[in-house]
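Q: Structure file upload-v6.pdb, PDB, C-alpha atoms, is pasted below:
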```pdb
ATOM      1  CA  MET A1015     -85.398  20.972 -87.720
ATOM      2  CA  ASP A1016     -82.899  23.607 -88.857
ATOM      3  CA  ILE A1017     -83.366  27.118 -87.473
ATOM      4  CA  ALA A1018     -81.530  30.410 -87.966
ATOM      5  CA  MET A1019     -81.677  32.459 -84.757
ATOM      6  CA  ILE A1020     -81.275  36.151 -85.519
ATOM      7  CA  GLY A1021     -80.552  38.050 -82.324
ATOM      8  CA  LEU A1022     -78.281  36.361 -79.798
ATOM      9  CA  GLY A1023     -78.948  38.426 -76.707
ATOM     10  CA  ARG A1024     -79.455  36.509 -73.508
ATOM     11  CA  MET A1025     -82.951  35.270 -74.330
ATOM     12  CA  GLY A1026     -82.222  34.501 -77.978
ATOM     13  CA  ALA A1027     -79.055  32.626 -77.084
ATOM     14  CA  ASN A1028     -80.859  30.670 -74.361
ATOM     15  CA  MET A1029     -83.626  29.698 -76.759
ATOM     16  CA  ALA A1030     -81.068  28.583 -79.318
ATOM     17  CA  GLN A1031     -79.299  26.510 -76.686
ATOM     18  CA  ARG A1032     -82.552  24.813 -75.635
ATOM     19  CA  LEU A1033     -83.303  24.024 -79.275
ATOM     20  CA  GLN A1034     -79.860  22.517 -79.699
ATOM     21  CA  GLN A1035     -80.332  20.415 -76.584
ATOM     22  CA  GLY A1036     -83.570  19.169 -78.141
ATOM     23  CA  GLY A1037     -81.770  17.908 -81.228
ATOM     24  CA  HIS A1038     -82.386  20.791 -83.608
ATOM     25  CA  ARG A1039     -79.626  22.339 -85.691
ATOM     26  CA  VAL A1040     -79.328  26.051 -84.936
ATOM     27  CA  VAL A1041     -77.187  28.638 -86.671
ATOM     28  CA  GLY A1042     -77.054  32.207 -85.448
ATOM     29  CA  HIS A1043     -76.283  35.815 -86.190
ATOM     30  CA  ASP A1044     -76.087  38.967 -84.113
ATOM     31  CA  PRO A1045     -74.681  42.370 -85.104
ATOM     32  CA  MET A1046     -72.738  42.466 -81.827
ATOM     33  CA  GLU A1047     -69.445  40.597 -81.842
ATOM     34  CA  ALA A1048     -69.612  39.896 -78.099
ATOM     35  CA  ALA A1049     -73.029  38.250 -78.456
ATOM     36  CA  ARG A1050     -71.760  36.092 -81.321
ATOM     37  CA  ALA A1051     -68.762  35.028 -79.256
ATOM     38  CA  ARG A1052     -70.911  34.004 -76.271
ATOM     39  CA  ALA A1053     -73.241  32.015 -78.508
ATOM     40  CA  ALA A1054     -70.363  30.286 -80.238
ATOM     41  CA  GLU A1055     -69.189  28.956 -76.866
ATOM     42  CA  THR A1056     -72.341  26.778 -76.758
ATOM     43  CA  GLY A1057     -71.300  25.026 -79.959
ATOM     44  CA  MET A1058     -73.624  26.960 -82.247
ATOM     45  CA  ALA A1059     -72.461  27.819 -85.760
ATOM     46  CA  VAL A1060     -72.383  31.617 -85.666
ATOM     47  CA  PHE A1061     -72.058  33.871 -88.706
ATOM     48  CA  ASP A1062     -70.903  37.464 -89.060
ATOM     49  CA  SER A1063     -73.729  38.336 -91.446
ATOM     50  CA  LEU A1064     -77.426  37.661 -91.537
ATOM     51  CA  ALA A1065     -77.172  36.550 -95.172
ATOM     52  CA  ALA A1066     -74.515  33.940 -94.347
ATOM     53  CA  ALA A1067     -76.593  32.512 -91.495
ATOM     54  CA  VAL A1068     -79.647  32.121 -93.718
ATOM     55  CA  ALA A1069     -77.600  30.687 -96.592
ATOM     56  CA  ALA A1070     -76.288  27.964 -94.274
ATOM     57  CA  LEU A1071     -79.751  26.364 -94.105
ATOM     58  CA  PRO A1072     -81.577  24.314 -96.733
ATOM     59  CA  VAL A1073     -84.830  25.594 -98.239
ATOM     60  CA  PRO A1074     -87.480  25.872 -96.835
ATOM     61  CA  ARG A1075     -85.916  27.638 -93.891
ATOM     62  CA  VAL A1076     -87.083  28.706 -90.457
ATOM     63  CA  VAL A1077     -85.721  32.079 -89.329
ATOM     64  CA  TRP A1078     -86.460  33.056 -85.736
ATOM     65  CA  LEU A1079     -86.109  36.750 -84.875
ATOM     66  CA  MET A1080     -85.236  37.752 -81.309
ATOM     67  CA  VAL A1081     -84.588  41.448 -81.840
ATOM     68  CA  PRO A1082     -86.025  44.576 -80.157
ATOM     69  CA  ALA A1083     -89.573  45.518 -81.143
ATOM     70  CA  GLY A1084     -90.244  48.377 -83.521
ATOM     71  CA  ASP A1085     -88.006  49.676 -86.277
ATOM     72  CA  THR A1086     -85.328  47.063 -85.557
ATOM     73  CA  VAL A1087     -87.680  44.295 -86.687
ATOM     74  CA  ASP A1088     -88.508  46.122 -89.929
ATOM     75  CA  GLN A1089     -84.833  46.844 -90.570
ATOM     76  CA  THR A1090     -83.952  43.202 -89.965
ATOM     77  CA  LEU A1091     -86.706  42.051 -92.307
ATOM     78  CA  ALA A1092     -85.504  44.471 -94.997
ATOM     79  CA  GLN A1093     -82.083  42.790 -94.835
ATOM     80  CA  LEU A1094     -83.588  39.317 -94.599
ATOM     81  CA  VAL A1095     -86.261  39.240 -97.314
ATOM     82  CA  PRO A1096     -83.886  39.343-100.321
ATOM     83  CA  HIS A1097     -82.324  36.102 -99.059
ATOM     84  CA  LEU A1098     -85.597  34.231 -98.473
ATOM     85  CA  ALA A1099     -87.336  31.814-100.810
ATOM     86  CA  GLU A1100     -90.875  30.601-101.329
ATOM     87  CA  GLY A1101     -92.043  28.518 -98.378
ATOM     88  CA  ASP A1102     -89.596  29.961 -95.859
ATOM     89  CA  VAL A1103     -90.976  30.840 -92.419
ATOM     90  CA  VAL A1104     -90.088  33.856 -90.303
ATOM     91  CA  ILE A1105     -91.004  33.750 -86.609
ATOM     92  CA  ASP A1106     -90.944  36.962 -84.590
ATOM     93  CA  GLY A1107     -90.418  35.858 -80.998
ATOM     94  CA  GLY A1108     -89.952  39.361 -79.586
ATOM     95  CA  ASN A1109     -92.484  41.737 -78.059
ATOM     96  CA  SER A1110     -93.701  43.376 -81.260
ATOM     97  CA  ASN A1111     -96.947  45.310 -81.398
ATOM     98  CA  TYR A1112     -99.618  42.993 -82.759
ATOM     99  CA  GLN A1113    -100.651  45.525 -85.409
ATOM    100  CA  ASP A1114     -97.095  45.544 -86.752
ATOM    101  CA  SER A1115     -97.180  41.760 -86.865
ATOM    102  CA  ILE A1116    -100.372  41.767 -88.946
ATOM    103  CA  ARG A1117     -98.778  44.235 -91.366
ATOM    104  CA  ARG A1118     -95.574  42.230 -91.649
ATOM    105  CA  ALA A1119     -97.418  38.959 -92.241
ATOM    106  CA  ARG A1120     -99.342  40.521 -95.126
ATOM    107  CA  SER A1121     -96.168  41.985 -96.609
ATOM    108  CA  LEU A1122     -94.238  38.714 -96.493
ATOM    109  CA  ALA A1123     -97.192  36.806 -97.919
ATOM    110  CA  ASP A1124     -96.642  38.754-101.143
ATOM    111  CA  ASP A1125     -93.278  36.957-101.378
ATOM    112  CA  ASP A1126     -94.841  33.582-100.474
ATOM    113  CA  VAL A1127     -93.069  33.657 -97.110
ATOM    114  CA  PHE A1128     -94.979  32.698 -93.955
ATOM    115  CA  TYR A1129     -94.797  34.951 -90.898
ATOM    116  CA  LEU A1130     -95.677  33.743 -87.398
ATOM    117  CA  ASP A1131     -95.854  36.100 -84.427
ATOM    118  CA  CYS A1132     -94.863  34.252 -81.287
ATOM    119  CA  GLY A1133     -95.379  35.870 -77.919
ATOM    120  CA  THR A1134     -92.656  34.424 -75.713
ATOM    121  CA  SER A1135     -92.674  34.376 -71.909
ATOM    122  CA  GLY A1136     -90.110  32.819 -69.632
ATOM    123  CA  GLY A1137     -87.348  35.375 -69.454
ATOM    124  CA  VAL A1138     -83.925  34.295 -68.292
ATOM    125  CA  TRP A1139     -85.386  31.112 -66.747
ATOM    126  CA  GLY A1140     -86.666  29.730 -70.038
ATOM    127  CA  LEU A1141     -83.542  27.700 -70.795
ATOM    128  CA  GLN A1142     -84.078  25.738 -67.596
ATOM    129  CA  GLU A1143     -87.873  25.811 -67.190
ATOM    130  CA  GLY A1144     -89.110  26.148 -70.764
ATOM    131  CA  TYR A1145     -90.974  28.978 -72.475
ATOM    132  CA  SER A1146     -94.655  29.849 -72.749
ATOM    133  CA  LEU A1147     -95.347  30.373 -76.453
ATOM    134  CA  MET A1148     -98.411  32.130 -77.908
ATOM    135  CA  ILE A1149     -98.394  31.727 -81.681
ATOM    136  CA  GLY A1150    -100.314  33.711 -84.280
ATOM    137  CA  GLY A1151    -100.475  32.999 -88.001
ATOM    138  CA  ASP A1152    -101.221  30.252 -90.478
ATOM    139  CA  ALA A1153    -102.479  27.165 -88.652
ATOM    140  CA  ALA A1154    -100.875  24.642 -91.003
ATOM    141  CA  THR A1155     -97.493  26.346 -90.743
ATOM    142  CA  ALA A1156     -97.674  26.408 -86.956
ATOM    143  CA  GLU A1157     -98.533  22.712 -86.934
ATOM    144  CA  THR A1158     -95.595  21.908 -89.241
ATOM    145  CA  LEU A1159     -93.255  23.688 -86.837
ATOM    146  CA  ALA A1160     -94.722  21.965 -83.777
ATOM    147  CA  PRO A1161     -91.432  20.118 -83.021
ATOM    148  CA  ILE A1162     -89.731  23.493 -82.501
ATOM    149  CA  PHE A1163     -92.417  24.805 -80.169
ATOM    150  CA  GLN A1164     -92.571  21.510 -78.277
ATOM    151  CA  THR A1165     -88.834  21.700 -77.636
ATOM    152  CA  LEU A1166     -88.980  25.266 -76.339
ATOM    153  CA  ALA A1167     -92.081  24.748 -74.187
ATOM    154  CA  PRO A1168     -91.980  23.230 -70.680
ATOM    155  CA  ALA A1169     -93.447  20.021 -72.170
ATOM    156  CA  ALA A1170     -94.493  18.850 -75.617
ATOM    157  CA  ASP A1171     -98.167  19.156 -74.709
ATOM    158  CA  LYS A1172     -98.019  22.136 -72.351
ATOM    159  CA  GLY A1173     -97.195  25.819 -72.527
ATOM    160  CA  TRP A1174     -97.630  26.468 -76.245
ATOM    161  CA  ALA A1175    -100.458  26.882 -78.734
ATOM    162  CA  ARG A1176    -101.419  28.502 -81.997
ATOM    163  CA  VAL A1177    -103.894  30.967 -80.511
ATOM    164  CA  GLY A1178    -105.257  32.590 -83.669
ATOM    165  CA  PRO A1179    -104.463  34.334 -86.967
ATOM    166  CA  SER A1180    -101.637  36.785 -87.573
ATOM    167  CA  GLY A1181    -101.324  39.209 -84.674
ATOM    168  CA  ALA A1182    -103.003  36.904 -82.152
ATOM    169  CA  GLY A1183     -99.726  35.702 -80.670
ATOM    170  CA  HIS A1184     -98.388  39.152 -79.919
ATOM    171  CA  TYR A1185    -101.823  40.431 -78.856
ATOM    172  CA  THR A1186    -102.066  37.625 -76.307
ATOM    173  CA  LYS A1187     -98.541  38.356 -75.054
ATOM    174  CA  MET A1188     -99.407  42.053 -74.739
ATOM    175  CA  ILE A1189    -102.374  41.255 -72.493
ATOM    176  CA  HIS A1190    -100.214  38.731 -70.596
ATOM    177  CA  ASN A1191     -97.726  41.483 -69.814
ATOM    178  CA  GLY A1192    -100.458  43.907 -68.809
ATOM    179  CA  ILE A1193    -101.719  41.354 -66.286
ATOM    180  CA  GLU A1194     -98.136  40.919 -65.109
ATOM    181  CA  TYR A1195     -97.932  44.660 -64.366
ATOM    182  CA  GLY A1196    -100.969  44.435 -62.092
ATOM    183  CA  MET A1197     -99.777  41.304 -60.292
ATOM    184  CA  MET A1198     -96.327  42.759 -59.675
ATOM    185  CA  GLN A1199     -97.808  45.998 -58.327
ATOM    186  CA  ALA A1200    -100.099  44.112 -55.923
ATOM    187  CA  TYR A1201     -97.228  42.032 -54.550
ATOM    188  CA  ALA A1202     -95.035  45.116 -54.181
ATOM    189  CA  GLU A1203     -97.724  47.063 -52.305
ATOM    190  CA  GLY A1204     -98.514  44.158 -49.990
ATOM    191  CA  PHE A1205     -94.896  43.606 -49.046
ATOM    192  CA  ALA A1206     -94.448  47.361 -48.572
ATOM    193  CA  LEU A1207     -97.269  47.322 -46.001
ATOM    194  CA  MET A1208     -95.610  44.468 -44.109
ATOM    195  CA  GLU A1209     -92.222  46.171 -44.259
ATOM    196  CA  ARG A1210     -93.699  49.327 -42.721
ATOM    197  CA  LYS A1211     -95.346  47.426 -39.805
ATOM    198  CA  GLU A1212     -92.113  47.450 -37.834
ATOM    199  CA  GLU A1213     -93.556  46.469 -34.449
ATOM    200  CA  LEU A1214     -94.489  43.010 -35.769
ATOM    201  CA  GLU A1215     -90.894  42.322 -36.856
ATOM    202  CA  LEU A1216     -92.010  40.451 -39.954
ATOM    203  CA  ASP A1217     -89.437  38.489 -41.935
ATOM    204  CA  LEU A1218     -90.584  39.209 -45.483
ATOM    205  CA  ALA A1219     -88.561  36.414 -47.034
ATOM    206  CA  GLN A1220     -90.144  33.983 -44.570
ATOM    207  CA  VAL A1221     -93.654  35.238 -45.354
ATOM    208  CA  ALA A1222     -92.997  34.943 -49.086
ATOM    209  CA  GLU A1223     -91.788  31.376 -48.591
ATOM    210  CA  VAL A1224     -94.907  30.481 -46.589
ATOM    211  CA  TRP A1225     -97.153  31.926 -49.289
ATOM    212  CA  ARG A1226     -95.375  29.914 -51.995
ATOM    213  CA  HIS A1227     -96.936  26.676 -50.719
ATOM    214  CA  GLY A1228    -100.703  26.186 -50.660
ATOM    215  CA  SER A1229    -101.624  29.867 -50.736
ATOM    216  CA  VAL A1230    -104.128  31.198 -53.266
ATOM    217  CA  VAL A1231    -101.620  33.957 -54.135
ATOM    218  CA  ARG A1232     -98.776  31.578 -54.960
ATOM    219  CA  SER A1233     -97.194  32.171 -58.370
ATOM    220  CA  TRP A1234     -93.879  32.254 -60.180
ATOM    221  CA  LEU A1235     -93.682  35.991 -59.505
ATOM    222  CA  LEU A1236     -93.968  35.196 -55.794
ATOM    223  CA  ASP A1237     -91.221  32.583 -56.175
ATOM    224  CA  LEU A1238     -88.959  35.236 -57.676
ATOM    225  CA  SER A1239     -89.928  37.734 -54.965
ATOM    226  CA  ALA A1240     -89.003  35.208 -52.285
ATOM    227  CA  LYS A1241     -85.655  34.630 -53.983
ATOM    228  CA  ALA A1242     -84.944  38.361 -54.165
ATOM    229  CA  LEU A1243     -85.894  38.949 -50.518
ATOM    230  CA  GLN A1244     -83.763  36.049 -49.309
ATOM    231  CA  ALA A1245     -80.746  37.423 -51.142
ATOM    232  CA  ASN A1246     -81.315  41.057 -50.153
ATOM    233  CA  PRO A1247     -83.981  41.485 -47.410
ATOM    234  CA  SER A1248     -83.851  45.289 -47.345
ATOM    235  CA  LEU A1249     -83.298  45.617 -51.119
ATOM    236  CA  ASP A1250     -80.126  47.602 -50.540
ATOM    237  CA  GLY A1251     -78.618  49.160 -53.636
ATOM    238  CA  ILE A1252     -81.814  48.957 -55.708
ATOM    239  CA  ALA A1253     -83.143  52.316 -56.884
ATOM    240  CA  PRO A1254     -86.918  52.905 -56.736
ATOM    241  CA  TYR A1255     -87.043  53.309 -60.516
ATOM    242  CA  VAL A1256     -89.131  50.905 -62.610
ATOM    243  CA  GLU A1257     -88.889  50.752 -66.400
ATOM    244  CA  ASP A1258     -91.545  49.500 -68.787
ATOM    245  CA  SER A1259     -90.930  47.904 -72.169
ATOM    246  CA  GLY A1260     -94.119  49.057 -73.882
ATOM    247  CA  GLU A1261     -96.613  46.206 -73.583
ATOM    248  CA  GLY A1262     -98.367  47.770 -70.592
ATOM    249  CA  ARG A1263     -98.895  50.995 -72.525
ATOM    250  CA  TRP A1264    -100.275  49.071 -75.494
ATOM    251  CA  THR A1265    -102.613  47.143 -73.204
ATOM    252  CA  VAL A1266    -103.990  50.342 -71.677
ATOM    253  CA  ALA A1267    -104.426  51.867 -75.135
ATOM    254  CA  GLU A1268    -106.297  48.736 -76.241
ATOM    255  CA  ALA A1269    -108.557  48.932 -73.178
ATOM    256  CA  ILE A1270    -109.465  52.504 -74.100
ATOM    257  CA  ALA A1271    -110.035  51.575 -77.755
ATOM    258  CA  LEU A1272    -112.336  48.697 -76.783
ATOM    259  CA  ASP A1273    -114.123  50.552 -73.958
ATOM    260  CA  VAL A1274    -113.040  47.841 -71.526
ATOM    261  CA  PRO A1275    -112.243  49.133 -68.017
ATOM    262  CA  ALA A1276    -108.778  48.021 -66.906
ATOM    263  CA  PRO A1277    -108.086  50.146 -63.802
ATOM    264  CA  VAL A1278    -105.577  47.791 -62.137
ATOM    265  CA  ILE A1279    -103.352  47.472 -65.193
ATOM    266  CA  THR A1280    -103.647  51.197 -65.918
ATOM    267  CA  LEU A1281    -102.721  52.233 -62.390
ATOM    268  CA  ALA A1282     -99.833  49.761 -62.324
ATOM    269  CA  LEU A1283     -98.440  51.423 -65.456
ATOM    270  CA  LEU A1284     -98.892  54.894 -63.944
ATOM    271  CA  GLU A1285     -97.071  53.784 -60.805
ATOM    272  CA  ARG A1286     -94.101  52.796 -62.947
ATOM    273  CA  LEU A1287     -94.113  56.230 -64.555
ATOM    274  CA  ARG A1288     -94.325  57.816 -61.106
ATOM    275  CA  SER A1289     -91.310  55.851 -59.888
ATOM    276  CA  ARG A1290     -89.096  57.736 -62.324
ATOM    277  CA  GLN A1291     -89.837  61.194 -60.930
ATOM    278  CA  SER A1292     -87.098  62.013 -58.462
ATOM    279  CA  ASN A1293     -88.293  65.600 -58.035
ATOM    280  CA  SER A1294     -91.986  65.423 -58.906
ATOM    281  CA  PHE A1295     -93.518  68.721 -60.004
ATOM    282  CA  THR A1296     -96.925  67.185 -59.285
ATOM    283  CA  ASP A1297     -96.112  66.545 -55.637
ATOM    284  CA  ARG A1298     -94.457  69.941 -55.168
ATOM    285  CA  LEU A1299     -97.527  71.698 -56.564
ATOM    286  CA  LEU A1300     -99.794  69.645 -54.286
ATOM    287  CA  ALA A1301     -97.728  70.777 -51.296
ATOM    288  CA  ALA A1302     -97.903  74.387 -52.487
ATOM    289  CA  MET A1303    -101.718  74.233 -52.847
ATOM    290  CA  ARG A1304    -102.118  72.809 -49.327
ATOM    291  CA  ASN A1305    -100.040  75.696 -48.026
ATOM    292  CA  GLU A1306    -102.100  78.247 -49.934
ATOM    293  CA  PHE A1307    -105.576  77.102 -48.877
ATOM    294  CA  GLY A1308    -104.859  75.840 -45.394
ATOM    295  CA  GLY A1309    -101.525  77.214 -44.316
ATOM    296  CA  HIS A1310    -100.143  73.680 -44.075
ATOM    297  CA  ALA A1311     -96.403  73.510 -43.578
ATOM    298  CA  ILE A1312     -94.149  72.917 -46.563
ATOM    299  CA  LYS A1313     -91.191  70.590 -46.191
ATOM    300  CA  LYS A1314     -88.108  72.214 -47.690
ATOM    301  CA  SER A1315     -85.913  70.177 -50.044
TER
END
```
Show the structure stored in the file as structure tokens.

A:
Amino acid sequence: MDIAMIGLGRMGANMAQRLQQGGHRVVGHDPMEAARARAAETGMAVFDSLAAAVAALPVPRVVWLMVPAGDTVDQTLAQLVPHLAEGDVVIDGGNSNYQDSIRRARSLADDDVFYLDCGTSGGVWGLQEGYSLMIGGDAATAETLAPIFQTLAPAADKGWARVGPSGAGHYTKMIHNGIEYGMMQAYAEGFALMERKEELELDLAQVAEVWRHGSVVRSWLLDLSAKALQANPSLDGIAPYVEDSGEGRWTVAEAIALDVPAPVITLALLERLRSRQSNSFTDRLLAAMRNEFGGHAIKKS
């Protein structure tokens, strides 16, 4: 199949390369010249404008968006829609909010254009290992595009599915990322406990490697932790500052809206927020209160 990949950052470019390796024709566009240049080195036909990339494909076309969630998706669609025709398909493979995806699908349906929301997991390893794809939208359209999803997935019959109507793909990916927050936090806390138990002289990379085989806590996240600890056992040069890209917040908001308790995911998100406070007012006030009611010593900064 022919696909226009819009957004040639690392993940978009890797996905395009995997599609090309699977026999699909891929053309690309990115507003950044450096991204276009890197993608062109893989043999992809790269265009300076979004319109030119879309025009290079026969109708009906498949346009895959790998752009940042939020306004950037809407801005890209505003540029894209005038160049689309009846029967074209737009796939949003980024981390959009599922409610935005439902809105966009309805809007494009007015122009007889199909919109699939595709939650995509696999990160920088997807080119080598394949991607996990959670697809929302019209079932017949998803089935027609099965060769694309089969190429991107780890295997033709594994790692991808149409999981429901519009919004279902990005909703599933949102929950996936919320779970990821909790798993990452649990691993980090466990290894922190072992690191602190100095008298046992634990080799954390060794422990991680042992756990990778046969253990009930084995996972890809543990594989990556083992890799990181082998390369840098004391994590030198890494600041204790953890970003979040939004999905964890959306998951917590959804838990509140649905009255579903999600304490692990919620606390994992709060721990990320806490990591960014280099001079926490909260902690300073706690120290001040302890001094006031009990005369406990205050450590000066």

Q: Expand the PyMOL selection byres ((chain A and resi 1238) around 12) into the individual residues it matches in the shown file, reporting them as a list in words.

A: Gly1137, Val1138, Trp1139, Met1198, Tyr1201, Ala1219, Ala1222, Glu1223, Arg1226, Arg1232, Ser1233, Trp1234, Leu1235, Leu1236, Asp1237, Ser1239, Ala1240, Lys1241, Ala1242, Leu1243, Gln1244 and Ala1245 of chain A

Q: Near stretch 1023-1030 of chain A, within 7 Å and counting all atoms listed in the file, which residues show up once chain neighbours fewer than 6 positions away are dropped, as a PDB file with C-alpha atoms, in the coordinates of the input?

A:
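Result went into out00.pdb, see below:
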```
ATOM      1  CA  VAL A1040     -79.328  26.051 -84.936  1.00  0.00           C
ATOM      2  CA  ALA A1049     -73.029  38.250 -78.456  1.00  0.00           C
ATOM      3  CA  ALA A1053     -73.241  32.015 -78.508  1.00  0.00           C
ATOM      4  CA  MET A1080     -85.236  37.752 -81.309  1.00  0.00           C
ATOM      5  CA  GLY A1137     -87.348  35.375 -69.454  1.00  0.00           C
ATOM      6  CA  VAL A1138     -83.925  34.295 -68.292  1.00  0.00           C
ATOM      7  CA  LEU A1141     -83.542  27.700 -70.795  1.00  0.00           C
ATOM      8  CA  LEU A1166     -88.980  25.266 -76.339  1.00  0.00           C
TER       9      LEU A1166
END
```

Q: Between A:Lys1172, A:Lys1211, A:Arg1052, A:His1043, single out the one closest to A:Ala1067, counting only C-alpha atoms.

A: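 Ranked by minimum distance to A:Ala1067, first place goes to A:His1043.
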
Q: Enter the distance from atom CA of A:Gly1192 to atom CA of A:Ser1289, in Å, rounded to one decimal.

A: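 Atom-to-atom, atom CA of A:Gly1192 and atom CA of A:Ser1289 are spaced 17.5 Å apart.
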
Q: Kindly indicate which residue among A:Leu1216, A:Leu1071, A:Ile1020, A:Met1148 lies nearest to A:Arg1039, using all atoms listed in the file for the distances.

A: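 Comparing A:Leu1216, A:Leu1071, A:Ile1020, A:Met1148 against A:Arg1039, the winner is A:Leu1071.
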
Q: Which residues fall under the PyMOL selection byres ((chain A and resi 1149-1157) around 8) in this file, as a VMD selection string?

A: chain A and resid 1119 1128 to 1133 1147 to 1148 1158 to 1160 1174 to 1184

Q: Separation of atom CA of A:Ala1202 and atom CA of A:Gly1251, in Å?

A: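 That distance, rounded to one decimal, is 16.9 Å.
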
Q: Please identify all polymer residues within 10 Å of A:Asp1016, counting all atoms listed in the file, omitting same-chain residues fewer than 6 positions from it, and present them as a PyMOL selection string.

A: chain A and resi 1033-1034+1037-1041+1070-1077+1162

Q: Take the residues from that selection and write them out as a PDB file, keeping the file's coordinate frame, keeping C-alpha atoms.

A:
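again-v1.pdb written:
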```
ATOM      1  CA  LEU A1033     -83.303  24.024 -79.275  1.00  0.00           C
ATOM      2  CA  GLN A1034     -79.860  22.517 -79.699  1.00  0.00           C
ATOM      3  CA  GLY A1037     -81.770  17.908 -81.228  1.00  0.00           C
ATOM      4  CA  HIS A1038     -82.386  20.791 -83.608  1.00  0.00           C
ATOM      5  CA  ARG A1039     -79.626  22.339 -85.691  1.00  0.00           C
ATOM      6  CA  VAL A1040     -79.328  26.051 -84.936  1.00  0.00           C
ATOM      7  CA  VAL A1041     -77.187  28.638 -86.671  1.00  0.00           C
ATOM      8  CA  ALA A1070     -76.288  27.964 -94.274  1.00  0.00           C
ATOM      9  CA  LEU A1071     -79.751  26.364 -94.105  1.00  0.00           C
ATOM     10  CA  PRO A1072     -81.577  24.314 -96.733  1.00  0.00           C
ATOM     11  CA  VAL A1073     -84.830  25.594 -98.239  1.00  0.00           C
ATOM     12  CA  PRO A1074     -87.480  25.872 -96.835  1.00  0.00           C
ATOM     13  CA  ARG A1075     -85.916  27.638 -93.891  1.00  0.00           C
ATOM     14  CA  VAL A1076     -87.083  28.706 -90.457  1.00  0.00           C
ATOM     15  CA  VAL A1077     -85.721  32.079 -89.329  1.00  0.00           C
ATOM     16  CA  ILE A1162     -89.731  23.493 -82.501  1.00  0.00           C
TER      17      ILE A1162
END
```

Q: With all atoms listed in the file as the counted atoms, please give the residues lying no more than 10 Å from A:Asp1062, apart from itself and same-chain residues fewer than 2 positions off, as an mmCIF file with C-alpha atoms, in the coordinates of the input.

A:
```
data_model
loop_
_atom_site.group_PDB
_atom_site.id
_atom_site.type_symbol
_atom_site.label_atom_id
_atom_site.label_comp_id
_atom_site.auth_asym_id
_atom_site.auth_seq_id
_atom_site.Cartn_x
_atom_site.Cartn_y
_atom_site.Cartn_z
ATOM 1 C CA GLY A 1042 -77.054 32.207 -85.448
ATOM 2 C CA HIS A 1043 -76.283 35.815 -86.190
ATOM 3 C CA ASP A 1044 -76.087 38.967 -84.113
ATOM 4 C CA PRO A 1045 -74.681 42.370 -85.104
ATOM 5 C CA MET A 1046 -72.738 42.466 -81.827
ATOM 6 C CA GLU A 1047 -69.445 40.597 -81.842
ATOM 7 C CA ARG A 1050 -71.760 36.092 -81.321
ATOM 8 C CA VAL A 1060 -72.383 31.617 -85.666
ATOM 9 C CA LEU A 1064 -77.426 37.661 -91.537
ATOM 10 C CA ALA A 1065 -77.172 36.550 -95.172
ATOM 11 C CA ALA A 1066 -74.515 33.940 -94.347
ATOM 12 C CA ALA A 1067 -76.593 32.512 -91.495
#
```

Q: I'd like the interatomic distance between atom CA of A:Met1015 and atom CA of A:Glu1055, to a tenth of an Å.

A: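 Atom CA of A:Glu1055 lies at a distance of 21.1 Å from atom CA of A:Met1015.
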
Q: Using all atoms listed in the file, can you list as a short mmCIF file (atom, residue, chain, number, x, y, z; two decimals) with C-alpha atoms, keeping the file's coordinate frame the residues within 12 Å of (-98.0, 51.0, -74.4)?

A:
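Below is the file that was written, part23.cif:
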```cif
data_model
loop_
_atom_site.label_atom_id
_atom_site.label_comp_id
_atom_site.auth_asym_id
_atom_site.auth_seq_id
_atom_site.Cartn_x
_atom_site.Cartn_y
_atom_site.Cartn_z
CA ASN A 1109 -92.48 41.74 -78.06
CA SER A 1110 -93.70 43.38 -81.26
CA ASN A 1111 -96.95 45.31 -81.40
CA TYR A 1112 -99.62 42.99 -82.76
CA MET A 1188 -99.41 42.05 -74.74
CA ILE A 1189 -102.37 41.26 -72.49
CA ASN A 1191 -97.73 41.48 -69.81
CA GLY A 1192 -100.46 43.91 -68.81
CA TYR A 1195 -97.93 44.66 -64.37
CA ASP A 1258 -91.54 49.50 -68.79
CA SER A 1259 -90.93 47.90 -72.17
CA GLY A 1260 -94.12 49.06 -73.88
CA GLU A 1261 -96.61 46.21 -73.58
CA GLY A 1262 -98.37 47.77 -70.59
CA ARG A 1263 -98.90 51.00 -72.53
CA TRP A 1264 -100.28 49.07 -75.49
CA THR A 1265 -102.61 47.14 -73.20
CA VAL A 1266 -103.99 50.34 -71.68
CA ALA A 1267 -104.43 51.87 -75.14
CA GLU A 1268 -106.30 48.74 -76.24
CA ALA A 1269 -108.56 48.93 -73.18
CA ILE A 1270 -109.46 52.50 -74.10
CA ILE A 1279 -103.35 47.47 -65.19
CA THR A 1280 -103.65 51.20 -65.92
CA LEU A 1283 -98.44 51.42 -65.46
CA LEU A 1284 -98.89 54.89 -63.94
CA LEU A 1287 -94.11 56.23 -64.56
#
```

Q: Using only C-alpha atoms, find the one residue out of A:Glu1100, A:Ser1229, A:Ile1193, A:Gly1136 that sits nearest to A:Asp1124.

A: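 Closest residue, counting only C-alpha atoms: A:Glu1100.
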
Q: Pick the closest to A:Leu1079 from A:Pro1277, A:Gly1196, A:Gly1140, A:Gly1021: which is it, counting all atoms listed in the file?

A: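 Ranking A:Pro1277, A:Gly1196, A:Gly1140, A:Gly1021 by distance to A:Leu1079, first place goes to A:Gly1021.
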
Q: Restricting the calculation to all atoms listed in the file: of A:Ser1248, A:Ser1315, A:Gln1093, A:Thr1086, which residue gets closest to A:Val1068?

A: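 Checking each candidate against A:Val1068, we get A:Gln1093 as the closest.
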
Q: Expanded to explicit residues, what is the PyMOL selection byres ((chain A and resi 1312) around 12) for this file, as a PyMOL selection string?

A: chain A and resi 1297-1306+1308-1311+1313-1315
